[in-house]
$ cat final_33.cif   # mmCIF, N, CA and C atoms
data_data
loop_
_atom_site.group_PDB
_atom_site.id
_atom_site.type_symbol
_atom_site.label_atom_id
_atom_site.label_comp_id
_atom_site.auth_asym_id
_atom_site.auth_seq_id
_atom_site.Cartn_x
_atom_site.Cartn_y
_atom_site.Cartn_z
ATOM 1 N N MET F 2 -7.268 10.186 -21.064
ATOM 2 C CA MET F 2 -6.611 10.823 -19.937
ATOM 3 C C MET F 2 -5.512 9.900 -19.423
ATOM 4 N N GLU F 3 -4.362 10.452 -19.164
ATOM 5 C CA GLU F 3 -3.183 9.665 -18.774
ATOM 6 C C GLU F 3 -3.332 9.061 -17.377
ATOM 7 N N GLU F 4 -3.016 7.787 -17.291
ATOM 8 C CA GLU F 4 -2.992 7.117 -15.991
ATOM 9 C C GLU F 4 -1.573 7.154 -15.444
ATOM 10 N N LEU F 5 -1.446 7.444 -14.157
ATOM 11 C CA LEU F 5 -0.149 7.462 -13.496
ATOM 12 C C LEU F 5 -0.147 6.428 -12.381
ATOM 13 N N ARG F 6 1.026 5.871 -12.134
ATOM 14 C CA ARG F 6 1.197 4.994 -10.974
ATOM 15 C C ARG F 6 0.858 5.833 -9.749
ATOM 16 N N THR F 7 -0.084 5.371 -8.959
ATOM 17 C CA THR F 7 -0.538 6.117 -7.789
ATOM 18 C C THR F 7 -0.330 5.272 -6.548
ATOM 19 N N TYR F 8 0.298 5.877 -5.565
ATOM 20 C CA TYR F 8 0.527 5.209 -4.283
ATOM 21 C C TYR F 8 -0.381 5.846 -3.239
ATOM 22 N N VAL F 9 -0.997 5.017 -2.422
ATOM 23 C CA VAL F 9 -1.771 5.486 -1.279
ATOM 24 C C VAL F 9 -1.113 4.893 -0.044
ATOM 25 N N LEU F 10 -0.650 5.764 0.827
ATOM 26 C CA LEU F 10 0.031 5.360 2.058
ATOM 27 C C LEU F 10 -0.738 5.966 3.220
ATOM 28 N N TYR F 11 -0.929 5.193 4.265
ATOM 29 C CA TYR F 11 -1.707 5.731 5.381
ATOM 30 C C TYR F 11 -1.220 5.209 6.717
ATOM 31 N N ASP F 12 -1.513 6.011 7.737
ATOM 32 C CA ASP F 12 -1.200 5.668 9.116
ATOM 33 C C ASP F 12 -2.437 6.048 9.930
ATOM 34 N N ILE F 13 -3.246 5.043 10.255
ATOM 35 C CA ILE F 13 -4.530 5.263 10.915
ATOM 36 C C ILE F 13 -4.651 4.279 12.065
ATOM 37 N N GLU F 14 -4.939 4.785 13.262
ATOM 38 C CA GLU F 14 -5.030 3.936 14.446
ATOM 39 C C GLU F 14 -6.313 3.123 14.502
ATOM 40 N N ASP F 15 -7.440 3.728 14.149
ATOM 41 C CA ASP F 15 -8.747 3.098 14.273
ATOM 42 C C ASP F 15 -8.905 1.967 13.252
ATOM 43 N N ASP F 16 -9.095 0.735 13.756
ATOM 44 C CA ASP F 16 -9.199 -0.435 12.868
ATOM 45 C C ASP F 16 -10.325 -0.290 11.855
ATOM 46 N N ARG F 17 -11.479 0.194 12.293
ATOM 47 C CA ARG F 17 -12.641 0.308 11.402
ATOM 48 C C ARG F 17 -12.342 1.264 10.248
ATOM 49 N N ILE F 18 -11.755 2.394 10.557
ATOM 50 C CA ILE F 18 -11.434 3.381 9.517
ATOM 51 C C ILE F 18 -10.324 2.850 8.621
ATOM 52 N N ARG F 19 -9.322 2.225 9.220
ATOM 53 C CA ARG F 19 -8.220 1.666 8.430
ATOM 54 C C ARG F 19 -8.744 0.628 7.441
ATOM 55 N N ASN F 20 -9.670 -0.217 7.878
ATOM 56 C CA ASN F 20 -10.261 -1.217 6.978
ATOM 57 C C ASN F 20 -11.091 -0.551 5.880
ATOM 58 N N ARG F 21 -11.799 0.515 6.228
ATOM 59 C CA ARG F 21 -12.597 1.239 5.237
ATOM 60 C C ARG F 21 -11.694 1.856 4.173
ATOM 61 N N VAL F 22 -10.559 2.409 4.602
ATOM 62 C CA VAL F 22 -9.601 2.991 3.656
ATOM 63 C C VAL F 22 -9.054 1.905 2.730
ATOM 64 N N ALA F 23 -8.694 0.757 3.287
ATOM 65 C CA ALA F 23 -8.168 -0.342 2.474
ATOM 66 C C ALA F 23 -9.210 -0.809 1.457
ATOM 67 N N GLU F 24 -10.467 -0.953 1.879
ATOM 68 C CA GLU F 24 -11.524 -1.385 0.959
ATOM 69 C C GLU F 24 -11.758 -0.350 -0.141
ATOM 70 N N THR F 25 -11.661 0.919 0.206
ATOM 71 C CA THR F 25 -11.811 1.977 -0.795
ATOM 72 C C THR F 25 -10.700 1.883 -1.834
ATOM 73 N N CYS F 26 -9.474 1.650 -1.390
ATOM 74 C CA CYS F 26 -8.352 1.484 -2.330
ATOM 75 C C CYS F 26 -8.610 0.309 -3.268
ATOM 76 N N LYS F 27 -9.091 -0.794 -2.714
ATOM 77 C CA LYS F 27 -9.397 -1.975 -3.540
ATOM 78 C C LYS F 27 -10.500 -1.666 -4.541
ATOM 79 N N ASP F 28 -11.506 -0.861 -4.120
ATOM 80 C CA ASP F 28 -12.596 -0.473 -5.021
ATOM 81 C C ASP F 28 -12.069 0.251 -6.260
ATOM 82 N N TYR F 29 -10.947 0.927 -6.124
ATOM 83 C CA TYR F 29 -10.348 1.664 -7.236
ATOM 84 C C TYR F 29 -9.296 0.835 -7.978
ATOM 85 N N GLY F 30 -9.246 -0.451 -7.676
ATOM 86 C CA GLY F 30 -8.344 -1.346 -8.393
ATOM 87 C C GLY F 30 -6.905 -1.296 -7.931
ATOM 88 N N LEU F 31 -6.649 -0.688 -6.785
ATOM 89 C CA LEU F 31 -5.282 -0.625 -6.279
ATOM 90 C C LEU F 31 -4.934 -1.931 -5.573
ATOM 91 N N ALA F 32 -3.670 -2.296 -5.635
ATOM 92 C CA ALA F 32 -3.187 -3.534 -5.019
ATOM 93 C C ALA F 32 -2.382 -3.206 -3.769
ATOM 94 N N ARG F 33 -2.560 -4.018 -2.738
ATOM 95 C CA ARG F 33 -1.809 -3.814 -1.498
ATOM 96 C C ARG F 33 -0.340 -4.165 -1.751
ATOM 97 N N ILE F 34 0.562 -3.242 -1.386
ATOM 98 C CA ILE F 34 1.996 -3.497 -1.530
ATOM 99 C C ILE F 34 2.687 -3.571 -0.173
ATOM 100 N N GLN F 35 2.057 -3.051 0.848
ATOM 101 C CA GLN F 35 2.490 -3.150 2.239
ATOM 102 C C GLN F 35 1.215 -3.162 3.058
ATOM 103 N N TYR F 36 1.327 -3.383 4.366
ATOM 104 C CA TYR F 36 0.122 -3.443 5.178
ATOM 105 C C TYR F 36 -0.714 -2.172 5.044
ATOM 106 N N SER F 37 -0.098 -1.020 5.032
ATOM 107 C CA SER F 37 -0.813 0.252 4.925
ATOM 108 C C SER F 37 -0.398 1.021 3.686
ATOM 109 N N ALA F 38 -0.242 0.311 2.575
ATOM 110 C CA ALA F 38 0.152 0.960 1.321
ATOM 111 C C ALA F 38 -0.450 0.202 0.139
ATOM 112 N N PHE F 39 -0.974 0.976 -0.816
ATOM 113 C CA PHE F 39 -1.548 0.418 -2.034
ATOM 114 C C PHE F 39 -0.939 1.120 -3.238
ATOM 115 N N SER F 40 -1.023 0.473 -4.393
ATOM 116 C CA SER F 40 -0.483 1.047 -5.621
ATOM 117 C C SER F 40 -1.308 0.585 -6.813
ATOM 118 N N GLY F 41 -1.407 1.441 -7.825
ATOM 119 C CA GLY F 41 -2.089 1.073 -9.058
ATOM 120 C C GLY F 41 -2.140 2.261 -9.996
ATOM 121 N N LEU F 42 -2.669 2.032 -11.184
ATOM 122 C CA LEU F 42 -2.768 3.084 -12.192
ATOM 123 C C LEU F 42 -4.117 3.783 -12.084
ATOM 124 N N LEU F 43 -4.083 5.119 -11.976
ATOM 125 C CA LEU F 43 -5.302 5.921 -11.922
ATOM 126 C C LEU F 43 -5.114 7.191 -12.739
ATOM 127 N N ASN F 44 -6.192 7.631 -13.378
ATOM 128 C CA ASN F 44 -6.137 8.924 -14.057
ATOM 129 C C ASN F 44 -6.474 10.031 -13.051
ATOM 130 N N ARG F 45 -6.367 11.261 -13.479
ATOM 131 C CA ARG F 45 -6.551 12.403 -12.582
ATOM 132 C C ARG F 45 -7.940 12.400 -11.939
ATOM 133 N N ASN F 46 -8.983 12.114 -12.727
ATOM 134 C CA ASN F 46 -10.343 12.112 -12.182
ATOM 135 C C ASN F 46 -10.511 11.040 -11.109
ATOM 136 N N LYS F 47 -10.013 9.838 -11.371
ATOM 137 C CA LYS F 47 -10.120 8.750 -10.392
ATOM 138 C C LYS F 47 -9.329 9.076 -9.129
ATOM 139 N N ARG F 48 -8.149 9.692 -9.279
ATOM 140 C CA ARG F 48 -7.373 10.097 -8.095
ATOM 141 C C ARG F 48 -8.134 11.115 -7.261
ATOM 142 N N SER F 49 -8.790 12.060 -7.932
ATOM 143 C CA SER F 49 -9.576 13.069 -7.215
ATOM 144 C C SER F 49 -10.750 12.429 -6.485
ATOM 145 N N GLU F 50 -11.465 11.538 -7.156
ATOM 146 C CA GLU F 50 -12.579 10.824 -6.524
ATOM 147 C C GLU F 50 -12.091 10.023 -5.322
ATOM 148 N N LEU F 51 -10.989 9.311 -5.520
ATOM 149 C CA LEU F 51 -10.422 8.502 -4.446
ATOM 150 C C LEU F 51 -10.057 9.377 -3.249
ATOM 151 N N PHE F 52 -9.435 10.513 -3.507
ATOM 152 C CA PHE F 52 -9.037 11.410 -2.428
ATOM 153 C C PHE F 52 -10.248 11.872 -1.622
ATOM 154 N N VAL F 53 -11.334 12.209 -2.309
ATOM 155 C CA VAL F 53 -12.552 12.641 -1.620
ATOM 156 C C VAL F 53 -13.107 11.504 -0.767
ATOM 157 N N ARG F 54 -13.176 10.306 -1.334
ATOM 158 C CA ARG F 54 -13.699 9.167 -0.565
ATOM 159 C C ARG F 54 -12.833 8.855 0.644
ATOM 160 N N LEU F 55 -11.514 8.942 0.486
ATOM 161 C CA LEU F 55 -10.618 8.697 1.619
ATOM 162 C C LEU F 55 -10.763 9.777 2.680
ATOM 163 N N SER F 56 -10.949 11.025 2.251
ATOM 164 C CA SER F 56 -11.154 12.126 3.194
ATOM 165 C C SER F 56 -12.415 11.914 4.012
ATOM 166 N N VAL F 57 -13.469 11.463 3.355
ATOM 167 C CA VAL F 57 -14.728 11.183 4.050
ATOM 168 C C VAL F 57 -14.546 10.018 5.011
ATOM 169 N N ALA F 58 -13.837 8.981 4.578
ATOM 170 C CA ALA F 58 -13.615 7.810 5.434
ATOM 171 C C ALA F 58 -12.855 8.184 6.704
ATOM 172 N N LEU F 59 -11.860 9.040 6.582
ATOM 173 C CA LEU F 59 -11.078 9.448 7.742
ATOM 174 C C LEU F 59 -11.859 10.425 8.618
ATOM 175 N N GLY F 60 -12.607 11.309 7.982
ATOM 176 C CA GLY F 60 -13.392 12.287 8.738
ATOM 177 C C GLY F 60 -12.499 13.131 9.625
ATOM 178 N N GLU F 61 -12.908 13.292 10.878
ATOM 179 C CA GLU F 61 -12.161 14.102 11.841
ATOM 180 C C GLU F 61 -11.273 13.254 12.746
ATOM 181 N N LYS F 62 -11.213 11.957 12.494
ATOM 182 C CA LYS F 62 -10.412 11.048 13.320
ATOM 183 C C LYS F 62 -8.926 11.282 13.072
ATOM 184 N N PRO F 63 -8.083 10.959 14.053
ATOM 185 C CA PRO F 63 -6.638 11.105 13.849
ATOM 186 C C PRO F 63 -6.143 10.137 12.775
ATOM 187 N N GLY F 64 -5.234 10.597 11.961
ATOM 188 C CA GLY F 64 -4.647 9.743 10.937
ATOM 189 C C GLY F 64 -4.042 10.561 9.817
ATOM 190 N N LYS F 65 -3.310 9.868 8.974
ATOM 191 C CA LYS F 65 -2.673 10.500 7.816
ATOM 192 C C LYS F 65 -2.897 9.614 6.601
ATOM 193 N N ILE F 66 -3.195 10.251 5.472
ATOM 194 C CA ILE F 66 -3.333 9.532 4.203
ATOM 195 C C ILE F 66 -2.598 10.345 3.148
ATOM 196 N N LEU F 67 -1.737 9.685 2.397
ATOM 197 C CA LEU F 67 -1.006 10.325 1.306
ATOM 198 C C LEU F 67 -1.411 9.645 -0.002
ATOM 199 N N VAL F 68 -1.879 10.439 -0.966
ATOM 200 C CA VAL F 68 -2.171 9.946 -2.317
ATOM 201 C C VAL F 68 -1.108 10.566 -3.210
ATOM 202 N N LEU F 69 -0.240 9.710 -3.752
ATOM 203 C CA LEU F 69 0.944 10.198 -4.442
ATOM 204 C C LEU F 69 1.010 9.659 -5.872
ATOM 205 N N PRO F 70 0.741 10.503 -6.882
ATOM 206 C CA PRO F 70 0.923 10.078 -8.264
ATOM 207 C C PRO F 70 2.395 10.185 -8.654
ATOM 208 N N VAL F 71 2.866 9.216 -9.438
ATOM 209 C CA VAL F 71 4.269 9.190 -9.861
ATOM 210 C C VAL F 71 4.293 8.968 -11.372
ATOM 211 N N CYS F 72 5.027 9.818 -12.088
ATOM 212 C CA CYS F 72 5.104 9.677 -13.544
ATOM 213 C C CYS F 72 5.818 8.363 -13.903
ATOM 214 N N GLU F 73 5.587 7.901 -15.118
ATOM 215 C CA GLU F 73 6.136 6.618 -15.546
ATOM 216 C C GLU F 73 7.660 6.595 -15.492
ATOM 217 N N LYS F 74 8.285 7.702 -15.877
ATOM 218 C CA LYS F 74 9.753 7.759 -15.849
ATOM 219 C C LYS F 74 10.271 7.515 -14.431
ATOM 220 N N ASP F 75 9.685 8.213 -13.456
ATOM 221 C CA ASP F 75 10.124 8.038 -12.071
ATOM 222 C C ASP F 75 9.736 6.666 -11.528
ATOM 223 N N ALA F 76 8.574 6.168 -11.906
ATOM 224 C CA ALA F 76 8.146 4.844 -11.442
ATOM 225 C C ALA F 76 9.123 3.771 -11.920
ATOM 226 N N LYS F 77 9.648 3.927 -13.141
ATOM 227 C CA LYS F 77 10.613 2.948 -13.658
ATOM 228 C C LYS F 77 11.939 2.997 -12.905
ATOM 229 N N GLU F 78 12.238 4.136 -12.300
ATOM 230 C CA GLU F 78 13.470 4.280 -11.525
ATOM 231 C C GLU F 78 13.363 3.633 -10.151
ATOM 232 N N GLY F 79 12.135 3.285 -9.744
ATOM 233 C CA GLY F 79 11.933 2.695 -8.427
ATOM 234 C C GLY F 79 12.649 1.364 -8.282
ATOM 235 N N ARG F 80 13.078 1.077 -7.082
ATOM 236 C CA ARG F 80 13.754 -0.187 -6.774
ATOM 237 C C ARG F 80 13.096 -0.798 -5.554
ATOM 238 N N GLN F 81 13.187 -2.087 -5.471
ATOM 239 C CA GLN F 81 12.563 -2.795 -4.359
ATOM 240 C C GLN F 81 13.504 -3.861 -3.825
ATOM 241 N N ILE F 82 13.568 -3.985 -2.542
ATOM 242 C CA ILE F 82 14.282 -5.083 -1.894
ATOM 243 C C ILE F 82 13.217 -5.923 -1.220
ATOM 244 N N LYS F 83 13.192 -7.197 -1.519
ATOM 245 C CA LYS F 83 12.152 -8.061 -0.988
ATOM 246 C C LYS F 83 12.762 -9.398 -0.616
ATOM 247 N N ASN F 84 12.851 -9.670 0.654
ATOM 248 C CA ASN F 84 13.354 -10.949 1.149
ATOM 249 C C ASN F 84 12.188 -11.726 1.742
ATOM 250 N N GLU F 85 11.890 -12.849 1.161
ATOM 251 C CA GLU F 85 10.836 -13.715 1.681
ATOM 252 C C GLU F 85 11.463 -14.684 2.674
ATOM 253 N N PRO F 86 10.735 -15.028 3.740
ATOM 254 C CA PRO F 86 11.283 -16.003 4.685
ATOM 255 C C PRO F 86 11.430 -17.363 4.016
ATOM 256 N N LYS F 87 12.495 -18.064 4.375
ATOM 257 C CA LYS F 87 12.695 -19.420 3.867
ATOM 258 C C LYS F 87 11.739 -20.339 4.597
ATOM 259 N N GLU F 88 11.383 -21.438 3.976
ATOM 260 C CA GLU F 88 10.422 -22.364 4.580
ATOM 261 C C GLU F 88 10.868 -22.814 5.957
ATOM 262 N N GLU F 89 12.146 -23.148 6.121
ATOM 263 C CA GLU F 89 12.621 -23.624 7.425
ATOM 264 C C GLU F 89 12.598 -22.512 8.468
ATOM 265 N N ASP F 90 12.691 -21.220 8.026
ATOM 266 C CA ASP F 90 12.627 -20.098 8.961
ATOM 267 C C ASP F 90 11.201 -19.858 9.441
ATOM 268 N N ALA F 91 10.236 -20.148 8.599
ATOM 269 C CA ALA F 91 8.849 -19.831 8.913
ATOM 270 C C ALA F 91 8.312 -20.669 10.064
ATOM 271 N N GLY F 92 8.739 -21.917 10.189
ATOM 272 C CA GLY F 92 8.215 -22.782 11.226
ATOM 273 C C GLY F 92 8.921 -22.652 12.546
ATOM 274 N N GLY F 93 10.003 -21.940 12.588
ATOM 275 C CA GLY F 93 10.730 -21.787 13.829
ATOM 276 C C GLY F 93 11.597 -22.990 14.156
ATOM 277 N N GLU F 94 11.555 -24.006 13.332
ATOM 278 C CA GLU F 94 12.388 -25.186 13.547
ATOM 279 C C GLU F 94 13.427 -25.240 12.445
ATOM 280 N N GLY F 95 14.425 -26.020 12.665
ATOM 281 C CA GLY F 95 15.433 -26.157 11.644
ATOM 282 C C GLY F 95 16.700 -26.717 12.244
ATOM 283 N N GLY F 96 17.719 -26.713 11.449
ATOM 284 C CA GLY F 96 18.992 -27.270 11.885
ATOM 285 C C GLY F 96 19.748 -26.298 12.768
ATOM 286 N N ASP F 97 20.972 -26.636 13.015
ATOM 287 C CA ASP F 97 21.866 -25.839 13.826
ATOM 288 C C ASP F 97 22.238 -24.573 13.082
ATOM 289 N N PRO F 98 21.918 -23.356 13.616
ATOM 290 C CA PRO F 98 22.232 -22.126 12.904
ATOM 291 C C PRO F 98 23.716 -21.958 12.643
ATOM 292 N N ALA F 99 24.568 -22.481 13.520
ATOM 293 C CA ALA F 99 26.008 -22.331 13.323
ATOM 294 C C ALA F 99 26.496 -23.137 12.139
ATOM 295 N N SER F 100 25.806 -24.233 11.826
ATOM 296 C CA SER F 100 26.244 -25.070 10.710
ATOM 297 C C SER F 100 25.615 -24.639 9.396
ATOM 298 N N GLY F 101 24.635 -23.688 9.456
ATOM 299 C CA GLY F 101 23.993 -23.246 8.223
ATOM 300 C C GLY F 101 22.888 -24.165 7.782
ATOM 301 N N GLU F 102 22.511 -25.130 8.600
ATOM 302 C CA GLU F 102 21.435 -26.054 8.227
ATOM 303 C C GLU F 102 20.116 -25.605 8.768
#
$ encode --input "final_33.cif" --output "C-alpha coordinates"
Amino acid sequence: MEELRTYVLYDIEDDRIRNRVAETCKDYGLARIQYSAFSGLLNRNKRSELFVRLSVALGEKPGKILVLPVCEKDAKEGRQIKNEPKEEDAGGEGGDPASGE
(Lines of atoms letter the chains of each structure in order from A and count residues from 1; the text may use other names and numbers.)
(Lines give C-alpha, C1' and ligand atoms only; values in the text may rest on other atoms or scores of the structure.)
Protein backbone atom coordinates (compact mmCIF):
# COMPACT_ATOMS: atom_id res chain seq x y z
CA MET A 1 0.00 0.00 0.00
CA GLU A 2 1.39 3.39 -1.02
CA GLU A 3 2.67 5.69 1.69
CA LEU A 4 2.07 9.42 1.24
CA ARG A 5 3.65 12.37 2.99
CA THR A 6 1.04 13.18 5.63
CA TYR A 7 0.78 16.45 7.51
CA VAL A 8 -1.13 16.82 10.77
CA LEU A 9 -1.86 20.42 11.73
CA TYR A 10 -3.85 21.40 14.77
CA ASP A 11 -5.08 24.33 16.80
CA ILE A 12 -6.17 23.20 20.27
CA GLU A 13 -6.42 25.39 23.37
CA ASP A 14 -6.46 22.68 26.05
CA ASP A 15 -2.86 21.75 26.98
CA ARG A 16 -3.77 18.19 28.00
CA ILE A 17 -5.54 17.46 24.72
CA ARG A 18 -2.85 19.21 22.68
CA ASN A 19 -0.19 17.04 24.34
CA ARG A 20 -2.27 13.91 23.73
CA VAL A 21 -2.56 14.80 20.03
CA ALA A 22 1.21 15.37 19.79
CA GLU A 23 1.94 12.02 21.48
CA THR A 24 -0.48 10.27 19.13
CA CYS A 25 1.34 11.76 16.13
CA LYS A 26 4.66 10.53 17.54
CA ASP A 27 3.13 7.06 18.06
CA TYR A 28 2.57 6.94 14.30
CA GLY A 29 6.17 7.91 13.56
CA LEU A 30 5.43 11.49 12.57
CA ALA A 31 8.04 14.16 13.24
CA ARG A 32 7.28 17.60 14.65
CA ILE A 33 7.89 20.29 12.01
CA GLN A 34 6.27 23.19 13.89
CA TYR A 35 4.88 23.52 17.39
CA SER A 36 1.44 22.29 16.26
CA ALA A 37 2.39 20.45 13.08
CA PHE A 38 3.75 16.98 12.33
CA SER A 39 4.78 15.23 9.13
CA GLY A 40 5.69 11.71 8.02
CA LEU A 41 4.91 8.87 5.65
CA LEU A 42 1.68 6.94 6.25
CA ASN A 43 -0.40 4.56 4.17
CA ARG A 44 -4.18 4.92 3.87
CA ASN A 45 -4.94 2.49 6.72
CA LYS A 46 -2.55 4.22 9.14
CA ARG A 47 -3.99 7.63 8.19
CA SER A 48 -7.49 6.34 8.91
CA GLU A 49 -6.43 4.88 12.26
CA LEU A 50 -4.64 8.10 13.15
CA PHE A 51 -7.69 10.18 12.25
CA VAL A 52 -9.90 8.07 14.52
CA ARG A 53 -7.45 8.32 17.42
CA LEU A 54 -7.14 12.09 16.97
CA SER A 55 -10.94 12.43 16.83
CA VAL A 56 -11.24 10.53 20.11
CA ALA A 57 -8.48 12.63 21.69
CA LEU A 58 -10.23 15.87 20.77
CA GLY A 59 -13.69 14.59 21.68
CA GLU A 60 -16.20 17.42 22.03
CA LYS A 61 -13.62 20.01 23.13
CA PRO A 62 -13.00 23.09 20.97
CA GLY A 63 -10.22 22.67 18.43
CA LYS A 64 -9.27 21.88 14.87
CA ILE A 65 -7.19 19.03 13.47
CA LEU A 66 -6.27 18.64 9.80
CA VAL A 67 -4.84 15.36 8.47
CA LEU A 68 -3.54 16.13 5.00
CA PRO A 69 -2.00 13.51 2.68
CA VAL A 70 0.17 14.92 -0.12
CA CYS A 71 1.31 12.95 -3.17
CA GLU A 72 5.05 12.64 -3.78
CA LYS A 73 4.97 14.92 -6.82
CA ASP A 74 3.38 17.75 -4.83
CA ALA A 75 5.56 17.08 -1.77
CA LYS A 76 8.66 17.53 -3.95
CA GLU A 77 7.32 20.92 -5.06
CA GLY A 78 7.22 22.10 -1.44
CA ARG A 79 9.60 24.84 -0.36
CA GLN A 80 10.76 25.90 3.04
CA ILE A 81 12.27 29.06 4.44
CA LYS A 82 14.11 28.45 7.68
CA ASN A 83 16.18 31.08 9.46
CA GLU A 84 17.88 29.91 12.63
CA PRO A 85 18.90 32.53 15.19
CA LYS A 86 22.60 33.34 15.23
CA GLU A 87 24.45 32.49 18.42
CA GLU A 88 25.01 36.15 19.30
CA ASP A 89 21.27 36.85 18.74
CA ALA A 90 20.18 34.06 21.06
CA GLY A 91 21.81 35.49 24.19
CA GLY A 92 20.51 38.98 23.74
CA GLU A 93 24.05 40.34 23.94
CA GLY A 94 26.34 41.33 21.18
CA GLY A 95 28.07 44.18 19.49
CA ASP A 96 26.71 47.43 18.21
CA PRO A 97 23.81 46.68 15.80
CA ALA A 98 24.71 49.72 13.68
CA SER A 99 28.21 48.38 13.07
CA GLY A 100 26.99 44.86 12.21
CA GLU A 101 28.92 43.31 15.09
$ residues_around --input "final_33.cif" --residues "Met2 (chain F)" --least-positions-apart "2" --cutoff "8 Å" --atoms "only C-alpha atoms" --output "list of chain:residue names"
F:Glu4, F:Asn44, F:Arg45
$ write_last_selection --input "final_33.cif" --atoms "N, CA and C atoms" --output "mmCIF file, in the coordinates of the input"
data_model
loop_
_atom_site.group_PDB
_atom_site.id
_atom_site.type_symbol
_atom_site.label_atom_id
_atom_site.label_comp_id
_atom_site.auth_asym_id
_atom_site.auth_seq_id
_atom_site.Cartn_x
_atom_site.Cartn_y
_atom_site.Cartn_z
ATOM 1 N N GLU F 4 -3.016 7.787 -17.291
ATOM 2 C CA GLU F 4 -2.992 7.117 -15.991
ATOM 3 C C GLU F 4 -1.573 7.154 -15.444
ATOM 4 N N ASN F 44 -6.192 7.631 -13.378
ATOM 5 C CA ASN F 44 -6.137 8.924 -14.057
ATOM 6 C C ASN F 44 -6.474 10.031 -13.051
ATOM 7 N N ARG F 45 -6.367 11.261 -13.479
ATOM 8 C CA ARG F 45 -6.551 12.403 -12.582
ATOM 9 C C ARG F 45 -7.940 12.400 -11.939
#
$ atom_distance --input "final_33.cif" --atom1 "CA of Leu42 (chain F)" --atom2 "CA of Tyr11 (chain F)"
17.8 Å
$ select_by_dssp --input "final_33.cif" --residues "chain F" --states "strand (DSSP E)" --output "MDAnalysis selection string"
chainID F and resid 5:12 32:35 38:43 65:71
$ atom_distance --input "final_33.cif" --atom1 "atom N of Leu67 (chain F)" --atom2 "atom C of Phe52 (chain F)"
9.7 Å
$ closest_residue --input "final_33.cif" --among "F:Pro86, F:Gly60, F:Gly30, F:Pro70" --to "Leu10 (chain F)" --atoms "only C-alpha atoms"
F:Pro70
$ residues_around --input "final_33.cif" --residues "Leu69 (chain F)" --least-positions-apart "5" --cutoff "6 Å" --atoms "only N, CA and C atoms" --output "JSON, numbers by chain"
{"F": [6, 7, 8, 9]}
$ closest_residue --input "final_33.cif" --among "F:Arg21, F:Glu14, F:Val57, F:Tyr29" --to "Leu43 (chain F)" --atoms "all atoms listed in the file"
F:Tyr29
$ atom_distance --input "final_33.cif" --atom1 "CA of Pro63 (chain F)" --atom2 "CA of Cys26 (chain F)"
18.9 Å
$ axis_aligned_box --input "final_33.cif" --around "region 9-12 of chain F" --padding-each-side "5 Å" --output "lines of an AutoDock Vina configuration file"
center_x = -1.2
center_y = 5.5
center_z = 3.8
size_x = 12.5
size_y = 11.2
size_z = 22.4
